[in-house]
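K.L.:
Quick one, structure_13.txt (compact mmCIF, C-alpha atoms):
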```
# COMPACT_ATOMS: atom_id res chain seq x y z
CA MET A 1 0.00 0.00 0.00
CA ASP A 2 1.04 3.62 -0.52
CA ASP A 3 2.32 5.93 2.18
CA VAL A 4 -0.26 6.21 4.98
CA LYS A 5 -0.31 10.00 4.91
CA ASP A 6 -0.81 10.07 1.15
CA LYS A 7 -3.76 7.67 1.14
CA TYR A 8 -5.75 9.82 3.54
CA GLU A 9 -5.15 12.85 1.34
CA ARG A 10 -6.42 11.15 -1.82
CA GLN A 11 -10.05 12.14 -1.30
CA PRO A 12 -12.14 14.32 1.01
CA TYR A 13 -13.93 12.97 4.07
CA ARG A 14 -17.40 14.26 4.85
CA ARG A 15 -19.23 14.39 8.14
CA CYS A 16 -22.21 12.04 8.33
CA GLY A 17 -25.16 14.25 9.20
CA ARG A 18 -24.75 15.80 12.64
CA SER A 19 -22.68 12.89 13.95
CA GLY A 20 -18.96 12.78 14.64
CA LEU A 21 -18.38 10.12 11.97
CA LEU A 22 -16.49 10.98 8.77
CA LEU A 23 -16.89 8.94 5.59
CA PRO A 24 -14.87 9.15 2.36
CA ALA A 25 -16.59 10.87 -0.56
CA VAL A 26 -16.28 7.62 -2.53
CA SER A 27 -16.90 4.34 -0.69
CA LEU A 28 -16.67 0.73 -1.87
CA GLY A 29 -19.79 -1.41 -2.17
CA LEU A 30 -19.40 -5.19 -2.22
CA TRP A 31 -22.71 -5.92 -3.94
CA HIS A 32 -21.50 -7.49 -7.18
CA ASN A 33 -17.85 -8.50 -7.12
CA PHE A 34 -17.11 -10.21 -3.82
CA GLY A 35 -19.13 -13.40 -4.08
CA GLU A 36 -18.09 -16.92 -4.99
CA GLY A 37 -16.79 -17.51 -8.50
CA LYS A 38 -14.47 -14.52 -8.27
CA SER A 39 -10.72 -14.80 -7.74
CA LEU A 40 -9.72 -14.17 -4.13
CA ASP A 41 -6.48 -12.64 -5.37
CA GLY A 42 -8.48 -10.27 -7.57
CA GLN A 43 -10.76 -9.36 -4.69
CA ARG A 44 -7.73 -8.78 -2.47
CA ALA A 45 -6.20 -6.49 -5.11
CA ILE A 46 -9.39 -4.39 -5.21
CA PHE A 47 -9.48 -4.22 -1.41
CA HIS A 48 -5.88 -3.04 -1.15
CA LYS A 49 -6.37 -0.52 -3.93
CA ALA A 50 -9.37 0.83 -2.01
CA LEU A 51 -7.21 1.34 1.06
CA ASP A 52 -4.52 3.06 -1.04
CA LEU A 53 -7.20 5.43 -2.38
CA GLY A 54 -8.34 6.49 1.08
CA ILE A 55 -11.48 4.35 1.05
CA THR A 56 -12.21 3.55 4.68
CA HIS A 57 -15.90 2.66 4.27
CA PHE A 58 -16.96 -0.78 3.02
CA ASP A 59 -20.65 -1.43 2.42
CA ILE A 60 -22.00 -4.98 2.59
CA ALA A 61 -25.31 -6.76 3.25
CA ASP A 62 -26.26 -10.23 4.42
CA ARG A 63 -27.59 -11.12 0.95
CA TYR A 64 -24.59 -9.92 -1.07
CA GLY A 65 -22.86 -12.70 -2.97
CA PRO A 66 -23.76 -14.93 -4.65
CA PRO A 67 -24.60 -17.01 -2.68
CA PHE A 68 -26.13 -15.11 0.23
CA GLY A 69 -23.49 -14.25 2.81
CA ALA A 70 -20.53 -14.73 0.47
CA ALA A 71 -19.50 -11.07 0.37
CA GLU A 72 -19.39 -10.92 4.17
CA ALA A 73 -17.32 -14.09 4.32
CA THR A 74 -14.93 -12.77 1.67
CA PHE A 75 -14.50 -9.46 3.44
CA GLY A 76 -13.85 -11.34 6.67
CA ARG A 77 -10.94 -13.08 4.96
CA LEU A 78 -9.56 -9.87 3.47
CA LEU A 79 -9.64 -7.52 6.46
CA PRO A 80 -6.56 -7.77 8.71
CA ARG A 81 -7.68 -7.59 12.33
CA SER A 82 -4.90 -5.06 12.94
CA MET A 83 -6.82 -2.66 10.67
CA ARG A 84 -10.21 -3.00 12.36
CA ASP A 85 -10.09 0.48 13.91
CA GLU A 86 -9.13 2.10 10.58
CA VAL A 87 -12.23 1.11 8.61
CA VAL A 88 -16.00 1.47 8.73
CA VAL A 89 -17.73 -1.87 8.07
CA THR A 90 -21.46 -1.91 7.41
CA THR A 91 -24.03 -4.60 6.79
CA LYS A 92 -27.81 -4.81 6.43
CA GLY A 93 -30.76 -7.04 7.26
CA SER A 94 -34.43 -7.29 6.18
CA ASN A 95 -34.51 -9.43 3.04
CA PRO A 96 -35.20 -13.19 3.00
CA MET A 97 -32.13 -15.17 4.14
CA TRP A 98 -33.47 -18.60 5.11
CA ASP A 99 -36.70 -20.54 4.92
CA GLY A 100 -39.53 -20.21 7.38
CA PRO A 101 -41.37 -17.33 9.04
CA TYR A 102 -38.29 -16.01 10.89
CA GLY A 103 -35.90 -15.81 7.95
CA LYS A 104 -36.97 -12.42 6.67
CA GLY A 105 -38.42 -9.04 7.59
CA ASN A 106 -37.74 -6.56 10.36
CA SER A 107 -39.06 -8.43 13.36
CA ARG A 108 -36.80 -8.40 16.41
CA LYS A 109 -36.51 -12.20 15.98
CA HIS A 110 -35.11 -11.98 12.43
CA LEU A 111 -32.92 -8.90 12.81
CA LEU A 112 -31.01 -10.20 15.81
CA ALA A 113 -30.49 -13.57 14.17
CA THR A 114 -29.39 -12.23 10.79
CA LEU A 115 -26.91 -9.75 12.30
CA ASP A 116 -25.42 -12.44 14.54
CA ARG A 117 -24.95 -14.64 11.45
CA SER A 118 -23.37 -11.69 9.61
CA LEU A 119 -20.91 -11.11 12.45
CA THR A 120 -19.91 -14.76 12.34
CA ARG A 121 -19.25 -14.60 8.59
CA LEU A 122 -17.34 -11.33 8.96
CA GLY A 123 -15.34 -12.65 11.88
CA LEU A 124 -16.11 -9.46 13.82
CA ASP A 125 -17.52 -8.66 17.23
CA PHE A 126 -19.46 -5.68 15.87
CA VAL A 127 -20.13 -3.69 12.72
CA ASP A 128 -19.88 0.07 12.55
CA ILE A 129 -23.28 0.59 10.88
CA PHE A 130 -26.23 -1.77 10.69
CA TYR A 131 -29.07 -0.87 8.30
CA LEU A 132 -32.63 -1.93 7.90
CA HIS A 133 -32.29 -2.81 4.22
CA ARG A 134 -35.90 -1.87 3.57
CA ASP A 135 -39.05 -0.98 5.45
CA ASP A 136 -41.35 -3.76 6.61
CA ALA A 137 -45.02 -2.78 6.49
CA GLU A 138 -46.00 -5.87 8.48
CA THR A 139 -43.79 -5.05 11.46
CA PRO A 140 -44.63 -1.99 13.59
CA LEU A 141 -42.05 0.73 13.13
CA GLU A 142 -41.74 0.93 16.92
CA GLU A 143 -40.51 -2.69 16.96
CA GLN A 144 -38.10 -2.06 14.12
CA VAL A 145 -36.42 0.94 15.74
CA ALA A 146 -36.49 -0.58 19.24
CA THR A 147 -34.51 -3.48 17.78
CA LEU A 148 -31.97 -1.07 16.28
CA ASP A 149 -31.61 0.57 19.68
CA HIS A 150 -31.11 -2.85 21.26
CA LEU A 151 -28.40 -3.76 18.73
CA VAL A 152 -26.45 -0.65 19.69
CA ARG A 153 -26.88 -1.19 23.42
CA THR A 154 -25.74 -4.82 23.16
CA GLY A 155 -22.59 -3.86 21.25
CA ARG A 156 -23.43 -5.53 17.95
CA THR A 157 -23.23 -2.20 16.05
CA LEU A 158 -21.98 1.30 16.77
CA TYR A 159 -24.51 3.15 14.60
CA VAL A 160 -27.79 2.38 12.85
CA GLY A 161 -29.33 3.42 9.56
CA VAL A 162 -32.16 2.72 7.15
CA SER A 163 -32.25 2.11 3.42
CA ASN A 164 -35.05 2.54 0.89
CA PHE A 165 -37.41 4.16 3.44
CA SER A 166 -39.87 6.83 2.33
CA PRO A 167 -39.33 10.41 3.54
CA GLU A 168 -42.27 10.09 5.94
CA ARG A 169 -41.15 6.80 7.45
CA THR A 170 -37.57 8.09 7.70
CA ALA A 171 -38.72 11.11 9.70
CA GLU A 172 -40.79 8.91 11.99
CA ALA A 173 -37.94 6.43 12.49
CA ALA A 174 -35.59 9.32 13.33
CA ARG A 175 -38.07 10.65 15.90
CA LEU A 176 -38.59 7.29 17.56
CA LEU A 177 -34.87 6.56 17.71
CA ARG A 178 -34.15 9.98 19.15
CA GLU A 179 -36.62 9.28 21.95
CA LEU A 180 -34.77 6.03 22.68
CA GLY A 181 -31.42 7.82 22.78
CA THR A 182 -29.94 6.17 19.69
CA PRO A 183 -29.76 8.67 16.81
CA LEU A 184 -30.48 7.62 13.24
CA LEU A 185 -27.06 8.03 11.64
CA ILE A 186 -27.64 7.51 7.94
CA HIS A 187 -30.01 6.69 5.10
CA GLN A 188 -28.98 4.72 2.01
CA PRO A 189 -31.15 5.45 -1.06
CA SER A 190 -30.66 5.01 -4.78
CA TYR A 191 -29.61 8.26 -6.48
CA SER A 192 -28.19 9.12 -9.87
CA LEU A 193 -28.68 11.38 -12.87
CA LEU A 194 -31.26 8.82 -14.03
CA ASN A 195 -33.04 8.60 -10.67
CA ARG A 196 -33.45 11.91 -8.85
CA LYS A 197 -36.47 10.98 -6.74
CA ILE A 198 -34.76 11.71 -3.40
CA GLU A 199 -34.48 15.39 -4.33
CA HIS A 200 -38.25 15.66 -3.89
CA GLY A 201 -38.61 15.11 -0.16
CA LEU A 202 -36.05 12.70 1.28
CA LEU A 203 -32.98 14.95 1.17
CA GLY A 204 -34.95 17.68 2.92
CA VAL A 205 -35.94 15.26 5.69
CA LEU A 206 -32.35 14.10 6.13
CA GLU A 207 -31.11 17.67 6.38
CA GLN A 208 -33.79 18.56 8.93
CA GLU A 209 -33.13 15.46 11.03
CA GLY A 210 -29.33 15.70 10.81
CA VAL A 211 -29.06 12.30 9.09
CA GLY A 212 -26.28 11.45 6.65
CA CYS A 213 -26.85 10.07 3.15
CA VAL A 214 -24.77 7.48 1.31
CA VAL A 215 -26.19 6.73 -2.13
CA TYR A 216 -26.09 3.48 -4.06
CA SER A 217 -26.25 2.98 -7.84
CA PRO A 218 -24.86 6.47 -8.61
CA LEU A 219 -23.89 5.10 -12.05
CA ALA A 220 -27.32 3.51 -12.59
CA GLN A 221 -25.91 -0.03 -12.84
CA GLY A 222 -23.41 1.10 -15.48
CA LEU A 223 -25.78 3.09 -17.70
CA LEU A 224 -23.96 6.30 -16.73
CA THR A 225 -20.72 5.17 -18.36
CA ASP A 226 -19.55 4.83 -21.94
CA ARG A 227 -20.14 1.06 -21.82
CA TYR A 228 -23.40 1.04 -23.79
CA LEU A 229 -22.86 3.85 -26.28
CA ASP A 230 -22.07 1.42 -29.10
CA GLY A 231 -24.57 -1.27 -28.15
CA ILE A 232 -24.97 -3.84 -25.40
CA PRO A 233 -21.70 -5.79 -24.87
CA ALA A 234 -22.09 -9.55 -24.58
CA ASP A 235 -20.42 -9.62 -21.15
CA SER A 236 -22.40 -6.72 -19.70
CA ARG A 237 -25.01 -6.74 -16.92
CA ALA A 238 -27.68 -5.74 -19.43
CA ALA A 239 -26.86 -8.67 -21.71
CA GLU A 240 -27.01 -11.05 -18.76
CA GLY A 241 -30.13 -9.41 -17.31
CA ARG A 242 -28.22 -9.08 -14.02
CA PHE A 243 -29.76 -6.13 -12.12
CA LEU A 244 -30.04 -4.32 -15.46
CA THR A 245 -32.24 -5.42 -18.35
CA PRO A 246 -31.81 -4.54 -22.04
CA ASP A 247 -35.08 -2.61 -22.12
CA ARG A 248 -33.51 0.06 -19.87
CA VAL A 249 -30.85 0.83 -22.50
CA THR A 250 -33.22 3.09 -24.43
CA PRO A 251 -32.44 5.60 -27.18
CA GLU A 252 -33.46 8.37 -24.77
CA VAL A 253 -30.97 7.21 -22.12
CA LEU A 254 -28.20 6.83 -24.68
CA ALA A 255 -28.89 10.33 -26.03
CA PHE A 256 -28.59 11.70 -22.51
CA VAL A 257 -25.34 9.80 -21.86
CA ARG A 258 -23.87 11.10 -25.13
CA ALA A 259 -24.67 14.66 -24.06
CA LEU A 260 -23.05 13.97 -20.70
CA SER A 261 -20.03 12.54 -22.48
CA GLU A 262 -19.45 15.82 -24.31
CA LEU A 263 -19.75 17.83 -21.11
CA ALA A 264 -17.50 15.41 -19.24
CA ALA A 265 -14.81 15.70 -21.92
CA SER A 266 -14.85 19.48 -21.56
CA ARG A 267 -14.23 19.00 -17.81
CA GLY A 268 -11.45 16.45 -18.33
CA GLN A 269 -13.62 13.64 -16.97
CA THR A 270 -15.30 10.45 -18.11
CA VAL A 271 -19.08 10.12 -17.98
CA ALA A 272 -18.73 7.98 -14.86
CA GLN A 273 -16.54 10.54 -13.12
CA LEU A 274 -18.90 13.38 -13.99
CA SER A 275 -21.88 11.36 -12.74
CA LEU A 276 -20.21 10.62 -9.40
CA ALA A 277 -19.08 14.23 -8.99
CA TRP A 278 -22.62 15.40 -9.80
CA ALA A 279 -24.10 13.21 -7.03
CA LEU A 280 -21.54 14.65 -4.61
CA ARG A 281 -22.32 18.23 -5.58
CA ASP A 282 -25.06 18.29 -2.94
CA PRO A 283 -23.57 18.73 0.57
CA ARG A 284 -26.38 16.59 1.96
CA VAL A 285 -24.83 13.57 0.21
CA THR A 286 -22.14 12.18 2.48
CA SER A 287 -20.72 9.53 0.15
CA VAL A 288 -21.35 7.62 -3.06
CA LEU A 289 -21.03 3.84 -3.23
CA VAL A 290 -19.21 2.36 -6.21
CA GLY A 291 -18.53 -1.22 -7.14
CA ALA A 292 -15.38 -2.35 -8.90
CA SER A 293 -14.38 -5.36 -10.96
CA SER A 294 -10.71 -4.30 -11.01
CA PRO A 295 -8.31 -2.00 -9.15
CA GLU A 296 -8.06 0.15 -12.27
CA GLN A 297 -11.82 0.70 -12.43
CA LEU A 298 -11.88 1.69 -8.78
CA GLU A 299 -9.02 4.14 -9.23
CA ALA A 300 -10.79 5.73 -12.19
CA ASN A 301 -13.97 6.17 -10.17
CA VAL A 302 -12.19 7.74 -7.20
CA ALA A 303 -10.62 10.24 -9.62
CA ALA A 304 -14.08 11.85 -9.73
CA VAL A 305 -13.10 13.73 -6.56
CA ASP A 306 -10.45 15.65 -8.50
CA ARG A 307 -13.20 17.80 -10.03
CA LEU A 308 -16.23 18.19 -7.79
CA ASP A 309 -17.06 21.78 -8.72
CA PHE A 310 -19.83 22.59 -11.22
CA SER A 311 -20.67 25.93 -12.71
CA ASP A 312 -24.27 27.06 -12.92
CA ASP A 313 -24.03 26.73 -16.69
CA GLU A 314 -22.85 23.13 -16.43
CA LEU A 315 -25.66 22.19 -14.07
CA ALA A 316 -28.17 23.89 -16.36
CA ALA A 317 -26.75 22.02 -19.35
CA ILE A 318 -27.18 18.69 -17.55
CA ASP A 319 -30.79 19.45 -16.66
CA ARG A 320 -31.50 20.65 -20.20
CA ALA A 321 -29.99 17.49 -21.72
CA ALA A 322 -32.10 15.37 -19.37
CA LYS A 323 -35.28 17.23 -20.33
CA GLU A 324 -34.53 16.98 -24.04
CA ALA A 325 -33.99 13.23 -23.67
CA GLY A 326 -37.19 12.79 -21.70
CA ILE A 327 -35.32 11.96 -18.47
CA GLU A 328 -37.18 13.18 -15.37
CA ALA A 329 -35.13 15.71 -13.41
```
Could you quickly redo this structure as structure tokens?
P.N.:
Amino acid sequence: MDDVKDKYERQPYRRCGRSGLLLPAVSLGLWHNFGEGKSLDGQRAIFHKALDLGITHFDIADRYGPPFGAAEATFGRLLPRSMRDEVVVTTKGSNPMWDGPYGKGNSRKHLLATLDRSLTRLGLDFVDIFYLHRDDAETPLEEQVATLDHLVRTGRTLYVGVSNFSPERTAEAARLLRELGTPLLIHQPSYSLLNRKIEHGLLGVLEQEGVGCVVYSPLAQGLLTDRYLDGIPADSRAAEGRFLTPDRVTPEVLAFVRALSELAASRGQTVAQLSLAWALRDPRVTSVLVGASSPEQLEANVAAVDRLDFSDDELAAIDRAAKEAGIEA
């Protein structure tokens, strides 16, 4: 790894809401590339490159793989225990993990069990952040947040967050947690130039409640890159129908990406770098999560932090290109 001082100067660190926790502007998500069937040496190379680039925040979930749990197990093999205090490790629970009535959802029964299983796979005594991966309409919100409070008080996690919650349910969860004495640290929503829904309510709630925001899919599963400008590659996610289907690669989206490509070139960036920088333009966004299939791809994505400024004209040009392409702003 590079010099320790240099790696912490590679990118800015942003405060997570009104907490004392700092997260890197670009964080590494282990959704796609840390399951079985991938080379452990390749995964180790990505992990070490992340550390060299000042990435201290690693985002995982119990279901990440494949198979379920594989990403946690892989990360448990990669993380030296001597580095535990230098990184932020997160995981999530909510989604189905095993058969039967207790293998899914946000009941106290399931959440305690799934986090304990996650800790075993990770080889850790605690995680830094535990998220409710999604809301559970069948479990009272009071039970959900009381369980989060319990997980903090029993030392299984330092902080708690939610993901994919509506603005209204986020505000209510924040209120209930505040009454219990365990603040809601962070929300993890989807956000990109192709999905700006959180601008219409959620970001305002997070600002008011003092909650941080780390966004996933800031590159819209690869659509906000140059990968699809000349068609759908045979080895791409869209071709495989893996979290991205061919019907999403529309002429309107491609027209928008081509317009972004011209603007990015004028800024000395790739489309991906511009898209990441754009998501980070809002101070309410603490960090963006990126995946990586190689150290080189990760390094290119982190280079987005070299140009985070946007002029009013550039922002207007992006919105105009979106409107002309029929993309909702």
K.L.:
Counting all atoms listed in the file, which of A:Phe256, A:Phe68, A:Phe165, A:Tyr102 gets nearest to Glu324 (chain A)?
P.N.:
A:Phe256
K.L.:
Which region 118-198 of chain A residues have any atom within 10 Å of an atom of region 17-27 of chain A, and for each, what is the nearest pair of atoms with distance in Å to one decimal, counting all atoms listed in the file, rows sorted by chain and number, as a Markdown table?
P.N.:
```
| residue | atom | partner | partner_atom | distance |
| --- | --- | --- | --- | --- |
| A:Tyr159 | CA | A:Leu21 | CA | 9.6 |
| A:Pro183 | CA | A:Ser19 | CA | 8.7 |
| A:Leu184 | CA | A:Gly17 | CA | 9.4 |
| A:Leu185 | CA | A:Ser19 | CA | 6.9 |
| A:Ile186 | CA | A:Gly17 | CA | 7.3 |
| A:His187 | CA | A:Gly17 | CA | 9.9 |
```
K.L.:
If we count all atoms listed in the file and set the cut-off at 12 Å, which residues sit around Ala279 (chain A), ignoring sequence neighbours fewer than 2 positions away in its own chain? Please answer as a PyMOL selection string.
P.N.:
chain A and resi 25-26+190-196+198-199+213-220+224+272-277+281-290+304-305+308-310+315
K.L.:
Figure out the distance between CA of Asp62 (chain A) and CA of Thr139 (chain A), please, to one decimal in Å.
P.N.:
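Here the two named atoms are 19.6 Å from each other.
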K.L.:
Would you kindly return, as a PyMOL selection string, each protein, DNA or RNA residue with an atom no farther than 9 Å from any atom of region 119-133 of chain A, considering all atoms listed in the file and excluding same-chain residues fewer than 5 positions away?
P.N.:
chain A and resi 61+69-77+79+81+84+87-95+106+111+114+144+148+151+155-165+185-188
K.L.:
Skipping near chain neighbours, those fewer than 6 positions away, what residues fall within 12 Å of Leu141 (chain A) using all atoms listed in the file, listed as a list in words?
P.N.:
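Skipping anything fewer than 6 positions along the chain leaves Gly105, Asn106, Ser107, Arg108, Leu132, Arg134, Asp135, Thr147, Leu148, Val162, Phe165, Glu168, Arg169, Thr170, Ala171, Glu172, Ala173, Ala174, Arg175, Leu176 and Leu177 of chain A.
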K.L.:
Keeping only C-alpha atoms, write the selected residues to a file as a short mmCIF file (atom, residue, chain, number, x, y, z; two decimals), in the frame of the given file.
P.N.:
```cif
data_model
loop_
_atom_site.label_atom_id
_atom_site.label_comp_id
_atom_site.auth_asym_id
_atom_site.auth_seq_id
_atom_site.Cartn_x
_atom_site.Cartn_y
_atom_site.Cartn_z
CA GLY A 105 -38.42 -9.04 7.59
CA ASN A 106 -37.74 -6.56 10.36
CA SER A 107 -39.06 -8.43 13.36
CA ARG A 108 -36.80 -8.40 16.41
CA LEU A 132 -32.63 -1.93 7.90
CA ARG A 134 -35.90 -1.87 3.57
CA ASP A 135 -39.05 -0.98 5.45
CA THR A 147 -34.51 -3.48 17.78
CA LEU A 148 -31.97 -1.07 16.28
CA VAL A 162 -32.16 2.72 7.15
CA PHE A 165 -37.41 4.16 3.44
CA GLU A 168 -42.27 10.09 5.94
CA ARG A 169 -41.15 6.80 7.45
CA THR A 170 -37.57 8.09 7.70
CA ALA A 171 -38.72 11.11 9.70
CA GLU A 172 -40.79 8.91 11.99
CA ALA A 173 -37.94 6.43 12.49
CA ALA A 174 -35.59 9.32 13.33
CA ARG A 175 -38.07 10.65 15.90
CA LEU A 176 -38.59 7.29 17.56
CA LEU A 177 -34.87 6.56 17.71
#
```
K.L.:
If you measure from CA of Arg258 (chain A) to CA of Lys323 (chain A), what distance in Å do you get, rounded to one decimal?
P.N.:
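Answer for the CA of Arg258 (chain A) to CA of Lys323 (chain A) separation: 13.8 Å.
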K.L.:
So the first atom is CA of Val271 (chain A) and the second is CA of Asp52 (chain A); what is the distance between them in Å, to one decimal place?
P.N.:
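Computing the Euclidean distance for CA of Val271 (chain A) and CA of Asp52 (chain A) yields 23.4 Å.
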